[in-house]
>>> print(open('upload_3.csv').read())   # CSV, C-alpha atoms
chain,number,residue,atom,x,y,z
A,1,MET,CA,104.6,58.0,125.1
A,2,LYS,CA,101.9,58.8,127.6
A,3,GLU,CA,98.7,56.9,127.4
A,4,GLU,CA,96.1,58.8,125.5
A,5,LYS,CA,93.3,60.3,127.6
A,6,ASN,CA,89.9,61.6,126.4
A,7,VAL,CA,88.1,64.4,128.2
A,8,SER,CA,84.5,65.2,127.6
A,9,ILE,CA,83.3,68.8,128.0
A,10,PHE,CA,79.7,70.1,128.1
A,11,PRO,CA,79.0,73.7,126.9
A,12,TYR,CA,75.5,74.6,128.2
A,13,ASN,CA,74.8,76.8,125.1
A,14,GLY,CA,73.1,74.0,123.2
A,15,LYS,CA,73.3,71.9,120.1
A,16,GLN,CA,74.7,74.6,117.8
A,17,TYR,CA,78.0,74.3,119.7
A,18,LEU,CA,78.3,70.6,119.6
A,19,ARG,CA,80.8,70.3,116.8
A,20,ASP,CA,84.0,68.5,117.4
A,21,VAL,CA,86.7,70.4,115.5
A,22,ALA,CA,89.3,71.7,117.9
A,23,PHE,CA,86.7,73.5,119.9
A,24,ASP,CA,85.3,74.9,116.7
A,25,PHE,CA,82.0,75.4,118.5
A,26,TRP,CA,83.5,78.5,120.1
A,27,LYS,CA,84.0,80.1,116.6
A,28,ASN,CA,81.0,82.4,117.1
A,29,LYS,CA,82.3,83.6,120.5
A,30,GLY,CA,84.6,86.1,118.8
A,31,ILE,CA,88.0,86.8,120.3
A,32,GLU,CA,87.3,84.5,123.3
A,33,ARG,CA,87.7,81.6,120.9
A,34,SER,CA,91.5,81.8,121.3
A,35,ILE,CA,91.2,80.7,124.9
A,36,PHE,CA,89.8,77.3,123.9
A,37,LEU,CA,92.0,76.9,120.9
A,38,THR,CA,95.0,77.4,123.1
A,39,LEU,CA,93.6,74.9,125.6
A,40,SER,CA,92.9,72.3,122.9
A,41,LYS,CA,96.4,72.6,121.5
A,42,TYR,CA,98.1,72.6,125.0
A,43,LEU,CA,96.2,69.4,126.0
A,44,LYS,CA,96.8,67.6,122.6
A,45,GLU,CA,100.6,68.1,123.0
A,46,ARG,CA,100.2,66.1,126.3
A,47,ASN,CA,98.2,63.4,124.5
A,48,ILE,CA,94.9,64.5,126.0
A,49,ASN,CA,92.0,64.8,123.6
A,50,ILE,CA,89.1,67.1,124.4
A,51,HIS,CA,85.7,66.5,122.8
A,52,THR,CA,82.1,67.8,123.3
A,53,TYR,CA,80.0,65.3,125.2
A,54,ASP,CA,78.0,64.1,122.2
A,55,VAL,CA,81.2,62.7,120.7
A,56,SER,CA,82.6,61.6,124.0
A,57,THR,CA,79.8,59.1,124.7
A,58,LYS,CA,81.5,56.8,122.1
A,59,LYS,CA,84.9,56.9,123.8
A,60,ASN,CA,86.5,55.8,127.1
A,61,ILE,CA,86.4,59.0,129.1
A,62,TYR,CA,88.9,60.0,131.7
A,63,LYS,CA,87.0,63.1,133.0
A,64,TYR,CA,83.7,64.8,132.3
A,65,VAL,CA,84.0,68.6,132.6
A,66,TYR,CA,80.9,70.7,132.6
A,67,PHE,CA,81.1,74.4,131.8
A,68,ASP,CA,78.0,75.2,133.8
A,69,LEU,CA,75.2,72.8,134.7
A,70,PRO,CA,73.0,71.6,131.8
A,71,TYR,CA,69.4,72.9,132.0
A,72,LEU,CA,67.3,70.5,134.0
A,73,TRP,CA,65.3,69.5,130.9
A,74,ASN,CA,68.5,68.2,129.1
A,75,PHE,CA,67.9,64.6,130.0
A,76,SER,CA,70.8,63.1,127.9
A,77,ALA,CA,73.3,65.3,129.7
A,78,TRP,CA,71.9,64.6,133.1
A,79,LYS,CA,71.9,60.9,132.4
A,80,LEU,CA,75.7,61.2,131.9
A,81,ILE,CA,76.1,63.2,135.1
A,82,LEU,CA,74.2,60.7,137.2
A,83,THR,CA,76.1,57.7,135.8
A,84,ASN,CA,79.6,59.2,136.1
A,85,ARG,CA,79.7,60.8,139.5
A,86,LYS,CA,83.4,59.9,140.2
A,87,LYS,CA,84.5,61.5,136.9
A,88,ASN,CA,82.5,64.7,136.9
A,89,ILE,CA,83.9,68.2,137.4
A,90,LEU,CA,81.8,71.4,137.4
A,91,ILE,CA,83.0,74.8,136.3
A,92,CYS,CA,80.4,77.5,137.4
A,93,ASN,CA,81.1,80.0,134.7
A,94,GLU,CA,77.8,81.9,134.3
A,95,SER,CA,76.2,84.0,137.0
A,96,SER,CA,73.2,82.9,139.1
A,97,LEU,CA,71.0,85.2,136.9
A,98,ILE,CA,71.7,83.1,133.8
A,99,ILE,CA,71.8,79.6,135.4
A,100,PRO,CA,70.5,79.8,139.0
A,101,PHE,CA,70.7,76.1,139.7
A,102,ASN,CA,74.5,76.3,138.9
A,103,TYR,CA,74.8,77.3,142.6
A,104,TRP,CA,72.3,74.9,144.2
A,105,ARG,CA,74.4,72.7,146.4
A,106,VAL,CA,72.1,69.7,146.0
A,107,PHE,CA,73.4,69.3,142.4
A,108,HIS,CA,77.0,69.6,143.4
A,109,SER,CA,76.9,66.2,145.1
A,110,PHE,CA,77.2,64.7,141.6
A,111,PHE,CA,80.7,66.3,141.1
A,112,THR,CA,84.1,65.6,142.6
A,113,LYS,CA,85.1,69.2,142.4
A,114,VAL,CA,83.4,72.5,141.8
A,115,PHE,CA,85.3,75.5,140.4
A,116,THR,CA,83.8,79.0,140.7
A,117,TRP,CA,84.6,82.6,140.4
A,118,HIS,CA,82.6,83.3,143.6
A,119,ASP,CA,85.1,84.0,146.3
A,120,GLY,CA,82.4,83.4,149.0
A,121,LEU,CA,82.0,79.8,148.0
A,122,VAL,CA,85.6,78.7,147.9
A,123,ASP,CA,86.7,76.3,150.7
A,124,ASN,CA,89.6,74.5,148.9
A,125,ASN,CA,88.0,71.3,149.7
A,126,LYS,CA,85.0,70.8,147.4
A,127,TYR,CA,84.9,74.4,146.0
A,128,PHE,CA,87.9,75.9,144.3
A,129,LYS,CA,88.7,79.3,142.9
A,130,MET,CA,88.8,79.8,139.2
A,131,MET,CA,89.5,83.1,137.3
A,132,LEU,CA,87.1,83.4,134.4
A,133,PRO,CA,89.6,83.1,131.5
A,134,LYS,CA,90.2,86.1,129.2
A,135,SER,CA,91.6,86.3,125.7
A,136,SER,CA,94.8,88.3,125.2
A,137,GLU,CA,93.9,89.1,121.6
A,138,GLY,CA,94.1,92.9,121.0
A,139,ILE,CA,96.3,93.5,124.1
A,140,ASN,CA,99.0,95.3,122.1
A,141,ILE,CA,96.7,97.7,120.3
A,142,LYS,CA,98.1,101.2,120.3
A,143,PRO,CA,96.1,103.9,122.1
A,144,LYS,CA,94.6,106.7,119.9
A,145,ASN,CA,95.2,110.3,120.7
A,146,PHE,CA,93.0,111.9,123.4
A,147,LYS,CA,91.7,114.5,121.0
A,148,GLU,CA,90.9,111.9,118.3
A,149,LYS,CA,88.6,109.8,120.5
A,150,GLU,CA,84.9,110.0,120.8
A,151,PHE,CA,83.5,110.5,124.3
A,152,LEU,CA,81.3,107.7,125.6
A,153,VAL,CA,80.1,104.3,124.5
A,154,ILE,CA,78.1,101.3,125.8
A,155,ILE,CA,78.3,97.9,124.2
A,156,ASN,CA,75.7,95.4,125.3
A,157,LYS,CA,73.0,93.1,124.1
A,158,ASN,CA,69.4,94.3,124.5
A,159,THR,CA,68.1,91.9,127.1
A,160,LEU,CA,66.8,91.5,130.6
A,161,PRO,CA,67.2,88.5,132.9
A,162,PHE,CA,64.6,85.8,132.5
A,163,PHE,CA,62.1,86.7,135.3
A,164,PRO,CA,61.7,83.2,136.8
A,165,PHE,CA,65.5,83.0,137.0
A,166,GLN,CA,65.6,86.3,138.9
A,167,LEU,CA,63.4,84.7,141.6
A,168,LEU,CA,65.6,81.5,141.7
A,169,LYS,CA,69.0,83.2,141.9
A,170,SER,CA,70.8,82.7,145.2
A,171,PHE,CA,72.9,85.9,145.4
A,172,GLY,CA,73.7,89.3,143.7
A,173,LYS,CA,71.8,92.2,142.2
A,174,GLU,CA,71.1,92.4,138.4
A,175,LEU,CA,72.5,95.4,136.5
A,176,TYR,CA,70.7,94.9,133.2
A,177,SER,CA,68.1,97.6,134.2
A,178,GLU,CA,70.9,100.0,135.3
A,179,ARG,CA,72.4,99.8,131.8
A,180,ILE,CA,69.1,101.0,130.4
A,181,LYS,CA,68.9,103.8,133.0
A,182,SER,CA,72.4,104.9,132.0
A,183,MET,CA,71.5,104.8,128.3
A,184,GLU,CA,68.4,106.9,128.7
A,185,PHE,CA,70.3,109.5,130.8
A,186,PHE,CA,73.2,109.9,128.4
A,187,GLU,CA,71.1,109.8,125.3
A,188,LYS,CA,69.0,112.7,126.7
A,189,THR,CA,71.8,114.6,128.2
A,190,ILE,CA,74.7,114.3,125.7
A,191,PRO,CA,73.2,112.9,122.5
A,192,GLU,CA,76.0,114.1,120.4
A,193,LYS,CA,78.7,112.5,122.5
A,194,PHE,CA,77.1,109.1,123.4
A,195,SER,CA,76.9,105.9,121.3
A,196,ILE,CA,75.1,102.6,121.8
A,197,TYR,CA,76.3,99.4,120.2
A,198,GLY,CA,75.2,95.8,120.5
A,199,ARG,CA,72.6,93.3,119.3
A,200,GLY,CA,68.9,93.7,119.6
A,201,TRP,CA,68.3,97.4,120.3
A,202,ASN,CA,66.2,97.7,117.2
A,203,LYS,CA,63.7,95.0,118.3
A,204,PRO,CA,61.8,94.0,121.5
A,205,LYS,CA,63.7,92.4,124.3
A,206,GLN,CA,63.7,88.6,124.6
A,207,TYR,CA,61.0,87.3,127.0
A,208,ASN,CA,59.4,90.8,127.1
A,209,LEU,CA,55.7,90.4,126.2
A,210,THR,CA,54.9,94.0,126.8
A,211,GLU,CA,57.4,95.3,124.3
A,212,SER,CA,56.3,92.6,121.8
A,213,ILE,CA,52.7,93.7,122.0
A,214,PHE,CA,52.9,97.5,122.5
A,215,GLY,CA,56.2,98.3,120.9
A,216,PHE,CA,59.7,99.1,122.3
A,217,LYS,CA,61.8,102.2,122.9
A,218,LYS,CA,64.0,103.2,119.9
A,219,TYR,CA,67.3,104.7,120.8
A,220,GLU,CA,68.4,107.5,118.4
A,221,ASN,CA,72.1,106.8,119.4
A,222,TYR,CA,72.0,103.2,118.5
A,223,LYS,CA,74.7,102.5,115.9
A,224,GLY,CA,74.3,98.8,115.3
A,225,GLN,CA,76.1,95.5,116.0
A,226,VAL,CA,79.9,95.2,116.6
A,227,ASP,CA,82.3,93.4,114.3
A,228,ASP,CA,85.6,94.2,116.1
A,229,LYS,CA,84.9,95.1,119.8
A,230,ILE,CA,88.5,96.0,120.7
A,231,GLU,CA,88.9,98.3,117.6
A,232,LEU,CA,85.5,100.0,118.4
A,233,LEU,CA,86.4,100.6,122.0
A,234,SER,CA,89.7,102.0,121.1
A,235,ARG,CA,87.9,104.9,119.3
A,236,PHE,CA,86.3,106.1,122.6
A,237,LYS,CA,87.6,107.7,125.8
A,238,TYR,CA,85.2,106.0,128.1
A,239,CYS,CA,82.9,102.9,128.2
A,240,LEU,CA,80.0,102.2,130.5
A,241,CYS,CA,81.2,98.8,131.8
A,242,PHE,CA,78.4,97.2,133.9
A,243,GLU,CA,78.5,93.5,134.7
A,244,ASN,CA,75.3,91.5,134.6
A,245,LEU,CA,75.6,91.1,138.4
A,246,THR,CA,76.8,93.1,141.4
A,247,ASP,CA,76.9,92.8,145.2
A,248,VAL,CA,79.1,89.7,144.9
A,249,ASN,CA,82.8,89.1,145.0
A,250,GLY,CA,84.9,87.7,142.2
A,251,TYR,CA,82.5,88.0,139.2
A,252,ILE,CA,84.8,89.7,136.7
A,253,THR,CA,84.0,89.0,133.0
A,254,GLU,CA,85.6,90.0,129.8
A,255,LYS,CA,83.9,93.4,129.8
A,256,ILE,CA,86.5,95.4,131.8
A,257,PHE,CA,89.4,93.5,130.1
A,258,ASP,CA,88.1,94.4,126.6
A,259,CYS,CA,88.2,98.1,127.7
A,260,LEU,CA,91.7,97.8,129.1
A,261,LYS,CA,93.0,96.1,126.0
A,262,ALA,CA,91.5,98.8,123.8
A,263,LYS,CA,93.0,101.6,126.0
A,264,CYS,CA,89.5,102.9,126.7
A,265,ILE,CA,88.8,103.8,130.4
A,266,PRO,CA,86.1,101.6,131.8
A,267,ILE,CA,83.4,103.0,134.0
A,268,TYR,CA,83.0,99.9,136.1
A,269,TRP,CA,80.2,98.5,138.2
A,270,GLY,CA,80.2,94.9,139.1
A,271,ALA,CA,82.4,92.8,141.5
A,272,THR,CA,82.5,94.4,144.9
A,273,ASP,CA,86.1,93.4,145.3
A,274,ILE,CA,87.2,94.6,141.9
A,275,GLU,CA,90.3,96.5,143.3
A,276,LYS,CA,91.6,93.1,144.6
A,277,TYR,CA,92.2,92.2,140.9
A,278,ILE,CA,92.3,95.5,138.9
A,279,PRO,CA,94.1,98.6,140.4
A,280,ASN,CA,91.8,101.5,140.9
A,281,ASN,CA,94.0,103.8,138.9
A,282,CYS,CA,93.0,101.8,135.7
A,283,PHE,CA,89.3,102.4,135.8
A,284,ILE,CA,86.5,104.7,137.1
A,285,ASP,CA,84.4,103.2,139.9
A,286,PHE,CA,80.8,104.0,139.3
A,287,ARG,CA,80.1,103.4,143.0
A,288,ASP,CA,82.0,106.6,143.8
A,289,PHE,CA,79.2,108.7,142.3
A,290,GLY,CA,75.6,109.1,143.6
A,291,SER,CA,74.1,109.8,140.2
A,292,TYR,CA,74.8,109.8,136.5
A,293,LYS,CA,74.9,113.6,136.6
A,294,LYS,CA,77.8,113.5,139.1
A,295,LEU,CA,79.6,110.9,136.9
A,296,LEU,CA,79.2,113.1,133.8
A,297,ASP,CA,80.5,116.1,135.7
A,298,PHE,CA,83.5,114.1,136.7
A,299,LEU,CA,84.2,112.9,133.1
A,300,ASN,CA,83.9,116.4,131.8
A,301,SER,CA,86.5,117.6,134.4
A,302,ILE,CA,89.2,115.1,133.2
A,303,ASP,CA,91.8,116.9,131.1
A,304,GLU,CA,94.2,115.3,128.6
A,305,LYS,CA,97.0,114.9,131.1
A,306,THR,CA,94.8,113.2,133.7
A,307,TYR,CA,93.3,111.0,131.0
A,308,ASN,CA,96.7,109.9,129.7
A,309,ASN,CA,97.8,109.0,133.3
A,310,TYR,CA,94.9,106.4,133.3
A,311,ILE,CA,96.1,105.1,130.0
A,312,GLU,CA,99.7,104.7,131.2
A,313,ASN,CA,98.5,102.9,134.2
A,314,ILE,CA,96.5,100.5,132.0
A,315,LYS,CA,99.5,99.9,129.7
A,316,LYS,CA,101.7,99.2,132.8
A,317,LEU,CA,99.1,96.7,134.1
A,318,LEU,CA,98.8,94.9,130.7
A,319,SER,CA,102.6,94.5,130.5
A,320,ASP,CA,102.8,93.0,134.0
A,321,LYS,CA,104.0,89.4,133.9
A,322,ARG,CA,102.1,88.3,136.9
A,323,PHE,CA,98.9,89.9,135.7
A,324,LYS,CA,99.1,88.2,132.3
A,325,GLU,CA,99.9,84.9,133.9
A,326,THR,CA,96.9,85.1,136.1
A,327,TRP,CA,94.2,85.9,133.5
A,328,PHE,CA,95.0,84.9,129.9
A,329,GLU,CA,95.1,81.8,127.7
A,330,ASP,CA,98.3,80.1,128.8
A,331,ARG,CA,97.3,80.4,132.5
A,332,PHE,CA,93.9,78.8,131.8
A,333,ALA,CA,95.4,75.9,129.8
A,334,LYS,CA,97.8,75.2,132.7
A,335,PHE,CA,95.0,75.5,135.2
A,336,PHE,CA,92.8,73.1,133.3
A,337,LEU,CA,95.6,70.5,133.2
A,338,ASN,CA,96.9,70.9,136.7
A,339,ASP,CA,93.9,71.7,138.8
A,340,ILE,CA,90.9,70.3,136.9
A,341,LEU,CA,92.4,67.2,135.4
>>> encode(input="upload_3.csv", output="C-alpha cells")
Amino acid sequence: MKEEKNVSIFPYNGKQYLRDVAFDFWKNKGIERSIFLTLSKYLKERNINIHTYDVSTKKNIYKYVYFDLPYLWNFSAWKLILTNRKKNILICNESSLIIPFNYWRVFHSFFTKVFTWHDGLVDNNKYFKMMLPKSSEGINIKPKNFKEKEFLVIINKNTLPFFPFQLLKSFGKELYSERIKSMEFFEKTIPEKFSIYGRGWNKPKQYNLTESIFGFKKYENYKGQVDDKIELLSRFKYCLCFENLTDVNGYITEKIFDCLKAKCIPIYWGATDIEKYIPNNCFIDFRDFGSYKKLLDFLNSIDEKTYNNYIENIKKLLSDKRFKETWFEDRFAKFFLNDIL
C-alpha cells in the first residue's frame, strides 16, 4: 500500500468554507461542488488525503495548494506560505478584477509552480496552463421545443468590481457595467420577452455608496434568485453570457458551459480566443454586432430551423469525447494528481 500523503488546500473565500468534510465547504457552490467531490474521491483512492489549510497545520503536509492567493491581510495563511516555499503551488483561478495580486509576479516567488487560465502567462517552466474546471451535472438535459421556450434571459449577481481592485488589475476590461447596459436596453425594448435572475437586484450594489444613500434602480423584469440554473436556462432560447473580464485570452468560466448544457444558445462576450475552445457554431459572438439593437434584430431573424442547427451543434460538442475529457470533473482530478502533485 502506498504511503499516505496529506495535501493542504486554501480556498480564498474565507472561514465559512473551512470545514473538512470531503470538500463540504463547496456545498454552497451549487453544481460546481461535484468537481471537488470527484477530486476528493479520486485522490483518496490513491491514499492522498486533502484538507483545508486550517486542519492541515496539524498534519505532515506533502503539498500546499492555493486556489488563488490569500488576501494580504490573512496573516495566518501568509505565514504558511512564507515557511513552506518548496511545497507551495498556486492556482490562479479568479480574474485580476477579483484578486489583482494573484498576478503580481513578486508573490509568485513563494511557489514552485503557478497554474493559470491566462494563455499569455504560460511558459511551461514556472507558469502552466490550467482549464478552469467545469461540472458535467446537467449535461444530458433534453432540449425543450423551440416554440415552448421563452426568449431571452440574463443570470448574474448584482455587483460591480471593487473600485480599488480595478485600479490594481494588470490586464483585461471589466464587463460588469456592460451587463447593466444590456439589461437596461432589453428591459426597455422587449420587456415582455426579457427576464433577469440572480442575487441582489432588489437592493443596492455592494460597495456602492451612492446607491446605498440615494436609492437604486429597480428592474421590473427581475424574477428573483435561481435554485436550479440549468433547468432555468433550458426554458430560454438565448442567454446574455458576459464574463467578468474581456480583452484577455483563456478566461472561460462556467457561464457559457451552463448555457450549452441547458441547450440555451449563449450570447457570449469574454475570452478573445473563445473559438479556440468552443466552436463558433455553438454560440452567438456579441463582438459581431455594433449595438444591442443589431443583436436584437439578428435574434429576431433566427427561424426555428436555424435555431435547431445551433442546438444540434451544441449536442454534438457535448458528446465529443475529447471535449469532455478536456473540461469536466475526471479531467480535473487527473490533472490535479499528475500535474499539480
>>> residues_around(input="upload_3.csv", residues="Ser182 in chain A", least_positions_apart="3", cutoff="12 Å", atoms="only C-alpha atoms", output="JSON list (two decimals) with C-alpha atoms, keeping the file's coordinate frame")
[["chain", "number", "residue", "atom", "x", "y", "z"],
["A", 152, "LEU", "CA", 81.30, 107.70, 125.60],
["A", 153, "VAL", "CA", 80.10, 104.30, 124.50],
["A", 154, "ILE", "CA", 78.10, 101.30, 125.80],
["A", 175, "LEU", "CA", 72.50, 95.40, 136.50],
["A", 176, "TYR", "CA", 70.70, 94.90, 133.20],
["A", 177, "SER", "CA", 68.10, 97.60, 134.20],
["A", 178, "GLU", "CA", 70.90, 100.00, 135.30],
["A", 179, "ARG", "CA", 72.40, 99.80, 131.80],
["A", 185, "PHE", "CA", 70.30, 109.50, 130.80],
["A", 186, "PHE", "CA", 73.20, 109.90, 128.40],
["A", 187, "GLU", "CA", 71.10, 109.80, 125.30],
["A", 188, "LYS", "CA", 69.00, 112.70, 126.70],
["A", 189, "THR", "CA", 71.80, 114.60, 128.20],
["A", 190, "ILE", "CA", 74.70, 114.30, 125.70],
["A", 194, "PHE", "CA", 77.10, 109.10, 123.40],
["A", 195, "SER", "CA", 76.90, 105.90, 121.30],
["A", 196, "ILE", "CA", 75.10, 102.60, 121.80],
["A", 239, "CYS", "CA", 82.90, 102.90, 128.20],
["A", 240, "LEU", "CA", 80.00, 102.20, 130.50],
["A", 241, "CYS", "CA", 81.20, 98.80, 131.80],
["A", 242, "PHE", "CA", 78.40, 97.20, 133.90],
["A", 267, "ILE", "CA", 83.40, 103.00, 134.00],
["A", 269, "TRP", "CA", 80.20, 98.50, 138.20],
["A", 286, "PHE", "CA", 80.80, 104.00, 139.30],
["A", 291, "SER", "CA", 74.10, 109.80, 140.20],
["A", 292, "TYR", "CA", 74.80, 109.80, 136.50],
["A", 293, "LYS", "CA", 74.90, 113.60, 136.60],
["A", 295, "LEU", "CA", 79.60, 110.90, 136.90],
["A", 296, "LEU", "CA", 79.20, 113.10, 133.80]]
>>> residues_around(input="upload_3.csv", residues="Lys129 in chain A", least_positions_apart="6", cutoff="8 Å", atoms="only C-alpha atoms", output="ChimeraX atom specification")
/A:115-119,122
>>> atom_distance(input="upload_3.csv", atom1="CA of Gln225 in chain A", atom2="CA of Gly198 in chain A")
4.6 Å
>>> closest_residue(input="upload_3.csv", among="A:Asn6, A:Ser40, A:Asn102, A:Thr306", to="Lys59 in chain A", atoms="all atoms listed in the file")
A:Asn6
>>> atom_distance(input="upload_3.csv", atom1="CA of Lys173 in chain A", atom2="CA of Glu94 in chain A")
14.3 Å
>>> residues_around(input="upload_3.csv", residues="range 327-330 of chain A", least_positions_apart="2", cutoff="8 Å", atoms="all atoms listed in the file", output="NGL selection string")
:A and (34-36 or 38-39 or 131-136 or 323-325 or 332-334)
>>> atom_distance(input="upload_3.csv", atom1="CA of Lys276 in chain A", atom2="CA of Phe128 in chain A")
17.6 Å
>>> residues_around(input="upload_3.csv", residues="Tyr103 in chain A", least_positions_apart="6", cutoff="8 Å", atoms="only C-alpha atoms", output="list of chain:residue names")
A:Cys92, A:Ser96, A:Ser170
>>> residues_around(input="upload_3.csv", residues="Val248 in chain A", least_positions_apart="3", cutoff="7 Å", atoms="only C-alpha atoms", output="ChimeraX atom specification")
/A:172,251,271-272
>>> closest_residue(input="upload_3.csv", among="A:Ile99, A:Leu317, A:Ile139, A:Ile302", to="Lys261 in chain A", atoms="all atoms listed in the file")
A:Ile139
>>> closest_residue(input="upload_3.csv", among="A:Pro70, A:Gly120, A:Gly215, A:Gly250", to="Ile274 in chain A", atoms="only C-alpha atoms")
A:Gly250
>>> closest_residue(input="upload_3.csv", among="A:Val65, A:Val106, A:Cys259, A:Val7", to="Ile89 in chain A", atoms="all atoms listed in the file")
A:Val65
>>> closest_residue(input="upload_3.csv", among="A:Lys157, A:Arg322, A:Lys315, A:Lys181", to="Tyr277 in chain A", atoms="all atoms listed in the file")
A:Arg322
>>> closest_residue(input="upload_3.csv", among="A:Asp273, A:Tyr268, A:Thr52, A:Phe75", to="Asn249 in chain A", atoms="all atoms listed in the file")
A:Asp273
>>> decode(input="upload_3.csv", residues="range 177-184 of chain A", atoms="all heavy atoms", output="PDB file, in the first residue's frame")
ATOM      1  N   SER A 177     -20.308  46.394 -16.038  1.00  0.00           N
ATOM      2  CA  SER A 177     -21.116  47.548 -16.453  1.00  0.00           C
ATOM      3  C   SER A 177     -21.829  47.277 -17.772  1.00  0.00           C
ATOM      4  O   SER A 177     -22.923  47.804 -18.015  1.00  0.00           O
ATOM      5  CB  SER A 177     -20.244  48.801 -16.562  1.00  0.00           C
ATOM      6  OG  SER A 177     -19.125  48.569 -17.400  1.00  0.00           O
ATOM      7  N   GLU A 178     -21.233  46.432 -18.640  1.00  0.00           N
ATOM      8  CA  GLU A 178     -21.899  46.098 -19.905  1.00  0.00           C
ATOM      9  C   GLU A 178     -23.144  45.251 -19.656  1.00  0.00           C
ATOM     10  O   GLU A 178     -24.130  45.371 -20.388  1.00  0.00           O
ATOM     11  CB  GLU A 178     -20.940  45.360 -20.829  1.00  0.00           C
ATOM     12  CG  GLU A 178     -19.976  46.254 -21.564  1.00  0.00           C
ATOM     13  CD  GLU A 178     -20.663  47.203 -22.552  1.00  0.00           C
ATOM     14  OE1 GLU A 178     -21.800  46.919 -22.975  1.00  0.00           O
ATOM     15  OE2 GLU A 178     -20.036  48.210 -22.896  1.00  0.00           O
ATOM     16  N   ARG A 179     -23.107  44.391 -18.659  1.00  0.00           N
ATOM     17  CA  ARG A 179     -24.307  43.630 -18.328  1.00  0.00           C
ATOM     18  C   ARG A 179     -25.460  44.574 -17.993  1.00  0.00           C
ATOM     19  O   ARG A 179     -26.605  44.351 -18.400  1.00  0.00           O
ATOM     20  CB  ARG A 179     -24.032  42.717 -17.138  1.00  0.00           C
ATOM     21  CG  ARG A 179     -23.089  41.581 -17.418  1.00  0.00           C
ATOM     22  CD  ARG A 179     -22.868  40.789 -16.145  1.00  0.00           C
ATOM     23  NE  ARG A 179     -21.789  39.830 -16.286  1.00  0.00           N
ATOM     24  CZ  ARG A 179     -20.923  39.527 -15.338  1.00  0.00           C
ATOM     25  NH1 ARG A 179     -20.998  40.126 -14.159  1.00  0.00           N
ATOM     26  NH2 ARG A 179     -19.983  38.639 -15.529  1.00  0.00           N
ATOM     27  N   ILE A 180     -25.151  45.588 -17.207  1.00  0.00           N
ATOM     28  CA  ILE A 180     -26.185  46.540 -16.805  1.00  0.00           C
ATOM     29  C   ILE A 180     -26.712  47.301 -18.017  1.00  0.00           C
ATOM     30  O   ILE A 180     -27.926  47.509 -18.163  1.00  0.00           O
ATOM     31  CB  ILE A 180     -25.634  47.499 -15.729  1.00  0.00           C
ATOM     32  CG1 ILE A 180     -25.333  46.701 -14.452  1.00  0.00           C
ATOM     33  CG2 ILE A 180     -26.619  48.624 -15.438  1.00  0.00           C
ATOM     34  CD1 ILE A 180     -24.633  47.494 -13.381  1.00  0.00           C
ATOM     35  N   LYS A 181     -25.836  47.690 -18.936  1.00  0.00           N
ATOM     36  CA  LYS A 181     -26.273  48.359 -20.166  1.00  0.00           C
ATOM     37  C   LYS A 181     -27.212  47.453 -20.964  1.00  0.00           C
ATOM     38  O   LYS A 181     -28.237  47.909 -21.500  1.00  0.00           O
ATOM     39  CB  LYS A 181     -25.067  48.732 -21.029  1.00  0.00           C
ATOM     40  CG  LYS A 181     -24.224  49.871 -20.489  1.00  0.00           C
ATOM     41  CD  LYS A 181     -23.052  50.142 -21.424  1.00  0.00           C
ATOM     42  CE  LYS A 181     -22.142  51.214 -20.861  1.00  0.00           C
ATOM     43  NZ  LYS A 181     -20.962  51.454 -21.741  1.00  0.00           N
ATOM     44  N   SER A 182     -26.854  46.178 -21.056  1.00  0.00           N
ATOM     45  CA  SER A 182     -27.685  45.249 -21.817  1.00  0.00           C
ATOM     46  C   SER A 182     -29.045  45.083 -21.154  1.00  0.00           C
ATOM     47  O   SER A 182     -30.083  45.036 -21.838  1.00  0.00           O
ATOM     48  CB  SER A 182     -26.984  43.893 -21.942  1.00  0.00           C
ATOM     49  OG  SER A 182     -26.944  43.199 -20.712  1.00  0.00           O
ATOM     50  N   MET A 183     -29.069  44.992 -19.834  1.00  0.00           N
ATOM     51  CA  MET A 183     -30.324  44.835 -19.105  1.00  0.00           C
ATOM     52  C   MET A 183     -31.240  46.029 -19.323  1.00  0.00           C
ATOM     53  O   MET A 183     -32.451  45.871 -19.538  1.00  0.00           O
ATOM     54  CB  MET A 183     -30.026  44.645 -17.616  1.00  0.00           C
ATOM     55  CG  MET A 183     -29.409  43.297 -17.284  1.00  0.00           C
ATOM     56  SD  MET A 183     -28.658  43.248 -15.643  1.00  0.00           S
ATOM     57  CE  MET A 183     -30.016  43.776 -14.624  1.00  0.00           C
ATOM     58  N   GLU A 184     -30.670  47.216 -19.269  1.00  0.00           N
ATOM     59  CA  GLU A 184     -31.476  48.425 -19.442  1.00  0.00           C
ATOM     60  C   GLU A 184     -32.033  48.513 -20.854  1.00  0.00           C
ATOM     61  O   GLU A 184     -33.180  48.929 -21.059  1.00  0.00           O
ATOM     62  CB  GLU A 184     -30.637  49.651 -19.090  1.00  0.00           C
ATOM     63  CG  GLU A 184     -30.294  49.707 -17.599  1.00  0.00           C
ATOM     64  CD  GLU A 184     -29.407  50.870 -17.229  1.00  0.00           C
ATOM     65  OE1 GLU A 184     -28.871  51.529 -18.159  1.00  0.00           O
ATOM     66  OE2 GLU A 184     -29.243  51.135 -16.020  1.00  0.00           O
TER      67      GLU A 184
END
